[in-house]
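Read the structure below first, then the notes.
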Amino acid sequence: MNIPDIDTAFREANEHNTPYDIGIIRPGDIVPVWSEYDRRYSSTPPAFVKSVIVYVILTTVAADYYFRESLTPRIISILKRKFGNHFGYDDYQVNRKQLAVLAGLGKIAKQSLVFTNKFGLNAKIDAIFSDFEFDEYSIYDGERYREECASCAAPCISKCPVKCKMAYRLDDVSACDKYITPNWDMPELMCRTCIQECASSERLLENYPSEAHKRIGHPEL
Ligand code: SF4
Ligand code: SF4
């Protein structure tokens with residue numbers, strides 16, 4: 001089994017063909033978490049897991065719920081239909097940022113989000129767990145932090161409306177949570193300042209048709 005096998009299920013589930021990127025890693029290659037924020041999540045998957053399929057997908061909508069409730073379950077159901085009962089979900093327990101970095105899909109930016117290779121900060125990350133062995137695995141052992149951020153004045157941080165402290169990790173988790181929670185059911189209104197203020201990330205959006213930008217979270221578009 002390899003990425004092209006997984007790709008067929010993704011294409012079927014991803015009915016609007018929203019751009020995405022995939023990597024597959026071994027649980028044994030997962031390293032410990034690296035920020036207070038990330039300690040809210042586990043660093044390792046359950047013992048039966050032999051492979052972690054990590055994907056990032058283009059979106060400008062704060063729509064984490066869409067992955068848990070719609071897209072990822074749909075992909076898992078198609079994978080099970082095609083390849084048997086070898087795929088499952090962890091209900092977002094394992095740290096997604098570390099998975100994306102280790103799968104070579106992006107690096108941690110100065111405000112602590114993953115700057116993905118293809119979509120910059122305008123992306124969501126999710127993962128599917130399998131007891132299958134794959135033929136090949138992504139092994140990224142280079143720099144985990146985005147080098148380009150080092151010399152940037154970081155408007156992604158200075159423009160935060162509640163002045164959260166961030167330095168490759170988000171120290172003010174509760175201040176951010178308090179600010180964004182009232183709009184939890186209205187992702188269009190949720191704060192995305194630390195994403196939208198990054199010019200290099202916004203430029204990457206130009207590579208994709210505008211109707212694809214908001215599709216995740218608004219599948220009717
Ligand atoms: S604005 Fe963009 S390039 Fe600059 S520090 Fe923030 S994420 Fe990095
Ligand atoms: S989402 Fe908004 S409030 Fe939260 S850290 Fe980013 S800019 Fe600050």
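Please note that chains go A, B, ... in the order of the structure tokens, that every chain numbers its residues from 1, and that ligands are numbered from 1 in the order shown.
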
Within 12 Å of ligand 1 (only C-alpha atoms and all ligand atoms), residues as a PyMOL selection string: chain A and resi 106-116+120-122+145-160+166-169+193-204

Store the residues of this selection in a file with C-alpha atoms, as a CSV table (one decimal), in the first residue's frame.
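After the write, out19.csv holds the following:
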chain,number,residue,atom,x,y,z
A,106,GLY,CA,5.2,22.4,6.4
A,107,LYS,CA,7.1,24.1,9.2
A,108,ILE,CA,6.2,25.9,12.4
A,109,ALA,CA,5.9,29.7,11.8
A,110,LYS,CA,6.6,32.4,14.3
A,111,GLN,CA,3.1,32.7,15.5
A,112,SER,CA,3.1,28.9,16.1
A,113,LEU,CA,0.9,27.8,13.2
A,114,VAL,CA,2.1,25.4,10.6
A,115,PHE,CA,3.1,27.2,7.4
A,116,THR,CA,2.3,24.5,4.8
A,120,GLY,CA,0.9,28.6,3.6
A,121,LEU,CA,-1.2,29.3,6.7
A,122,ASN,CA,-4.5,28.9,4.9
A,145,TYR,CA,10.8,26.1,12.3
A,146,ARG,CA,10.3,28.2,9.2
A,147,GLU,CA,13.6,30.0,8.5
A,148,GLU,CA,11.9,32.9,6.6
A,149,CYS,CA,10.1,33.9,9.7
A,150,ALA,CA,13.4,34.6,11.6
A,151,SER,CA,14.0,37.9,9.7
A,152,CYS,CA,10.3,39.0,9.5
A,153,ALA,CA,8.9,41.8,11.6
A,154,ALA,CA,6.0,39.4,12.3
A,155,PRO,CA,2.8,41.4,11.7
A,156,CYS,CA,1.1,38.0,12.3
A,157,ILE,CA,2.0,38.6,16.0
A,158,SER,CA,2.0,42.3,16.4
A,159,LYS,CA,-1.5,42.7,14.9
A,160,CYS,CA,-3.2,40.2,17.3
A,166,MET,CA,3.8,34.1,20.4
A,167,ALA,CA,7.3,33.0,19.6
A,168,TYR,CA,7.0,29.8,17.6
A,169,ARG,CA,4.6,28.8,20.3
A,193,THR,CA,-5.5,37.9,12.0
A,194,CYS,CA,-2.4,35.8,12.7
A,195,ILE,CA,-3.0,34.1,9.4
A,196,GLN,CA,-4.2,36.9,7.2
A,197,GLU,CA,-1.4,39.3,8.2
A,198,CYS,CA,1.3,37.1,6.6
A,199,ALA,CA,1.8,38.4,3.1
A,200,SER,CA,3.9,35.3,1.9
A,201,SER,CA,1.0,33.1,3.0
A,202,GLU,CA,-1.7,35.2,1.3
A,203,ARG,CA,0.3,35.2,-1.9
A,204,LEU,CA,0.1,31.4,-2.1

Dump the neighbourhood of ligand 2 as a PyMOL selection string: all residues within 6 Å, distances computed on only C-alpha atoms and all ligand atoms. chain A and resi 160-162+164+176+179+191-194

Go ahead and write the selection's residues with N, CA and C atoms as a PDB file, in the first residue's frame.
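Saved as out14.pdb:
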ATOM      1  N   CYS A 160      -2.170  40.972  16.517  1.00  0.00           N
ATOM      2  CA  CYS A 160      -3.156  40.180  17.283  1.00  0.00           C
ATOM      3  C   CYS A 160      -4.018  41.132  18.118  1.00  0.00           C
ATOM      4  N   PRO A 161      -5.335  41.076  17.973  1.00  0.00           N
ATOM      5  CA  PRO A 161      -6.193  42.048  18.662  1.00  0.00           C
ATOM      6  C   PRO A 161      -6.168  41.939  20.182  1.00  0.00           C
ATOM      7  N   VAL A 162      -5.766  40.794  20.713  1.00  0.00           N
ATOM      8  CA  VAL A 162      -5.684  40.679  22.178  1.00  0.00           C
ATOM      9  C   VAL A 162      -4.226  40.522  22.641  1.00  0.00           C
ATOM     10  N   CYS A 164      -1.754  38.522  22.097  1.00  0.00           N
ATOM     11  CA  CYS A 164      -1.220  37.231  22.561  1.00  0.00           C
ATOM     12  C   CYS A 164       0.289  37.180  22.337  1.00  0.00           C
ATOM     13  N   CYS A 176      -6.501  33.860  23.578  1.00  0.00           N
ATOM     14  CA  CYS A 176      -6.972  33.585  22.214  1.00  0.00           C
ATOM     15  C   CYS A 176      -8.309  32.851  22.270  1.00  0.00           C
ATOM     16  N   TYR A 179     -11.174  35.027  23.114  1.00  0.00           N
ATOM     17  CA  TYR A 179     -11.517  35.963  22.038  1.00  0.00           C
ATOM     18  C   TYR A 179     -12.280  35.271  20.900  1.00  0.00           C
ATOM     19  N   CYS A 191     -11.561  35.074  14.460  1.00  0.00           N
ATOM     20  CA  CYS A 191     -10.322  35.816  14.229  1.00  0.00           C
ATOM     21  C   CYS A 191      -9.332  34.958  13.418  1.00  0.00           C
ATOM     22  N   ARG A 192      -8.797  35.561  12.379  1.00  0.00           N
ATOM     23  CA  ARG A 192      -7.761  34.903  11.581  1.00  0.00           C
ATOM     24  C   ARG A 192      -6.603  35.874  11.343  1.00  0.00           C
ATOM     25  N   THR A 193      -6.494  36.862  12.219  1.00  0.00           N
ATOM     26  CA  THR A 193      -5.485  37.906  12.027  1.00  0.00           C
ATOM     27  C   THR A 193      -4.080  37.315  11.898  1.00  0.00           C
ATOM     28  N   CYS A 194      -3.764  36.338  12.751  1.00  0.00           N
ATOM     29  CA  CYS A 194      -2.403  35.794  12.719  1.00  0.00           C
ATOM     30  C   CYS A 194      -2.157  34.965  11.461  1.00  0.00           C
TER      31      CYS A 194
END

Fewer than 3 positions away in the same chain doesn't count, so skip those; otherwise give me all residues within 8 Å of stretch 75-83 of chain A, counting only C-alpha atoms, as JSON, numbers by chain. {"A": [6, 9, 10, 12, 13, 71, 72, 86, 87, 88, 128]}

Generate the output file for the selected residues, C-alpha atoms, as a PDB file, in the first residue's frame.
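Saved to selection.pdb:
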ATOM      1  CA  ILE A   6      -4.795   6.529  -0.434  1.00  0.00           C
ATOM      2  CA  ALA A   9     -10.014   7.505  -1.584  1.00  0.00           C
ATOM      3  CA  PHE A  10      -9.156  11.173  -1.077  1.00  0.00           C
ATOM      4  CA  GLU A  12     -13.596  10.296  -4.047  1.00  0.00           C
ATOM      5  CA  ALA A  13     -14.246  11.960  -0.658  1.00  0.00           C
ATOM      6  CA  LEU A  71     -14.405  15.115   5.514  1.00  0.00           C
ATOM      7  CA  THR A  72     -12.137  12.811   7.530  1.00  0.00           C
ATOM      8  CA  HIS A  86      -7.720  -0.965   8.835  1.00  0.00           C
ATOM      9  CA  PHE A  87      -8.325   2.767   9.285  1.00  0.00           C
ATOM     10  CA  GLY A  88      -9.499   4.853  12.209  1.00  0.00           C
ATOM     11  CA  ILE A 128      -6.011   9.062   9.736  1.00  0.00           C
TER      12      ILE A 128
END

Nearest to A:Glu15 by atom-to-atom distance, counting only C-alpha atoms, from A:Ile180, A:Ala212, A:Ile53, A:Leu99: A:Ala212

Can you list every residue in stretch 5-100 of chain A that DSSP puts in strand (DSSP E), as a PDB file with N, CA and C atoms, in the first residue's frame?
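The file below, result36.pdb, is the result:
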ATOM      1  N   TYR A  20      -5.057  19.520  -1.875  1.00  0.00           N
ATOM      2  CA  TYR A  20      -4.568  18.946  -0.625  1.00  0.00           C
ATOM      3  C   TYR A  20      -3.176  18.374  -0.842  1.00  0.00           C
ATOM      4  N   ASP A  21      -2.543  17.980   0.240  1.00  0.00           N
ATOM      5  CA  ASP A  21      -1.206  17.403   0.200  1.00  0.00           C
ATOM      6  C   ASP A  21      -1.170  16.297   1.260  1.00  0.00           C
ATOM      7  N   ILE A  22      -0.488  15.182   0.977  1.00  0.00           N
ATOM      8  CA  ILE A  22      -0.483  14.039   1.906  1.00  0.00           C
ATOM      9  C   ILE A  22       0.938  13.591   2.225  1.00  0.00           C
ATOM     10  N   GLY A  23       1.143  13.151   3.448  1.00  0.00           N
ATOM     11  CA  GLY A  23       2.384  12.472   3.817  1.00  0.00           C
ATOM     12  C   GLY A  23       2.028  11.318   4.741  1.00  0.00           C
ATOM     13  N   ILE A  24       2.875  10.299   4.797  1.00  0.00           N
ATOM     14  CA  ILE A  24       2.602   9.154   5.684  1.00  0.00           C
ATOM     15  C   ILE A  24       3.820   8.941   6.568  1.00  0.00           C
ATOM     16  N   ILE A  25       3.574   8.854   7.867  1.00  0.00           N
ATOM     17  CA  ILE A  25       4.704   8.686   8.790  1.00  0.00           C
ATOM     18  C   ILE A  25       4.496   7.469   9.697  1.00  0.00           C
ATOM     19  N   SER A  51       0.848   3.177  10.888  1.00  0.00           N
ATOM     20  CA  SER A  51       1.060   4.264   9.928  1.00  0.00           C
ATOM     21  C   SER A  51       0.096   5.396  10.224  1.00  0.00           C
ATOM     22  N   VAL A  52       0.582   6.615  10.040  1.00  0.00           N
ATOM     23  CA  VAL A  52      -0.273   7.790  10.217  1.00  0.00           C
ATOM     24  C   VAL A  52      -0.315   8.542   8.897  1.00  0.00           C
ATOM     25  N   ILE A  53      -1.510   8.636   8.328  1.00  0.00           N
ATOM     26  CA  ILE A  53      -1.705   9.372   7.073  1.00  0.00           C
ATOM     27  C   ILE A  53      -2.040  10.811   7.467  1.00  0.00           C
ATOM     28  N   VAL A  54      -1.184  11.731   7.083  1.00  0.00           N
ATOM     29  CA  VAL A  54      -1.369  13.134   7.467  1.00  0.00           C
ATOM     30  C   VAL A  54      -1.743  13.910   6.218  1.00  0.00           C
ATOM     31  N   TYR A  55      -2.759  14.739   6.326  1.00  0.00           N
ATOM     32  CA  TYR A  55      -3.076  15.572   5.163  1.00  0.00           C
ATOM     33  C   TYR A  55      -3.303  17.009   5.552  1.00  0.00           C
ATOM     34  N   VAL A  56      -2.969  17.903   4.624  1.00  0.00           N
ATOM     35  CA  VAL A  56      -3.298  19.323   4.775  1.00  0.00           C
ATOM     36  C   VAL A  56      -4.149  19.687   3.578  1.00  0.00           C
ATOM     37  N   ILE A  57      -5.119  20.584   3.810  1.00  0.00           N
ATOM     38  CA  ILE A  57      -6.033  20.928   2.733  1.00  0.00           C
ATOM     39  C   ILE A  57      -6.292  22.429   2.766  1.00  0.00           C
ATOM     40  N   LEU A  58      -6.384  23.011   1.596  1.00  0.00           N
ATOM     41  CA  LEU A  58      -6.569  24.459   1.465  1.00  0.00           C
ATOM     42  C   LEU A  58      -7.898  24.899   2.070  1.00  0.00           C
ATOM     43  N   PHE A  87      -8.517   1.325   9.179  1.00  0.00           N
ATOM     44  CA  PHE A  87      -8.325   2.767   9.285  1.00  0.00           C
ATOM     45  C   PHE A  87      -9.216   3.323  10.393  1.00  0.00           C
ATOM     46  N   GLY A  88      -8.702   4.286  11.128  1.00  0.00           N
ATOM     47  CA  GLY A  88      -9.499   4.853  12.209  1.00  0.00           C
ATOM     48  C   GLY A  88      -9.089   6.278  12.531  1.00  0.00           C
TER      49      GLY A  88
END

Which residues are close to stretch 27-29 of chain A, i.e. within 9 Å by only C-alpha atoms, leaving aside same-chain residues fewer than 6 positions away? Reply as a PyMOL selection string. chain A and resi 44-47+49-52+102+139
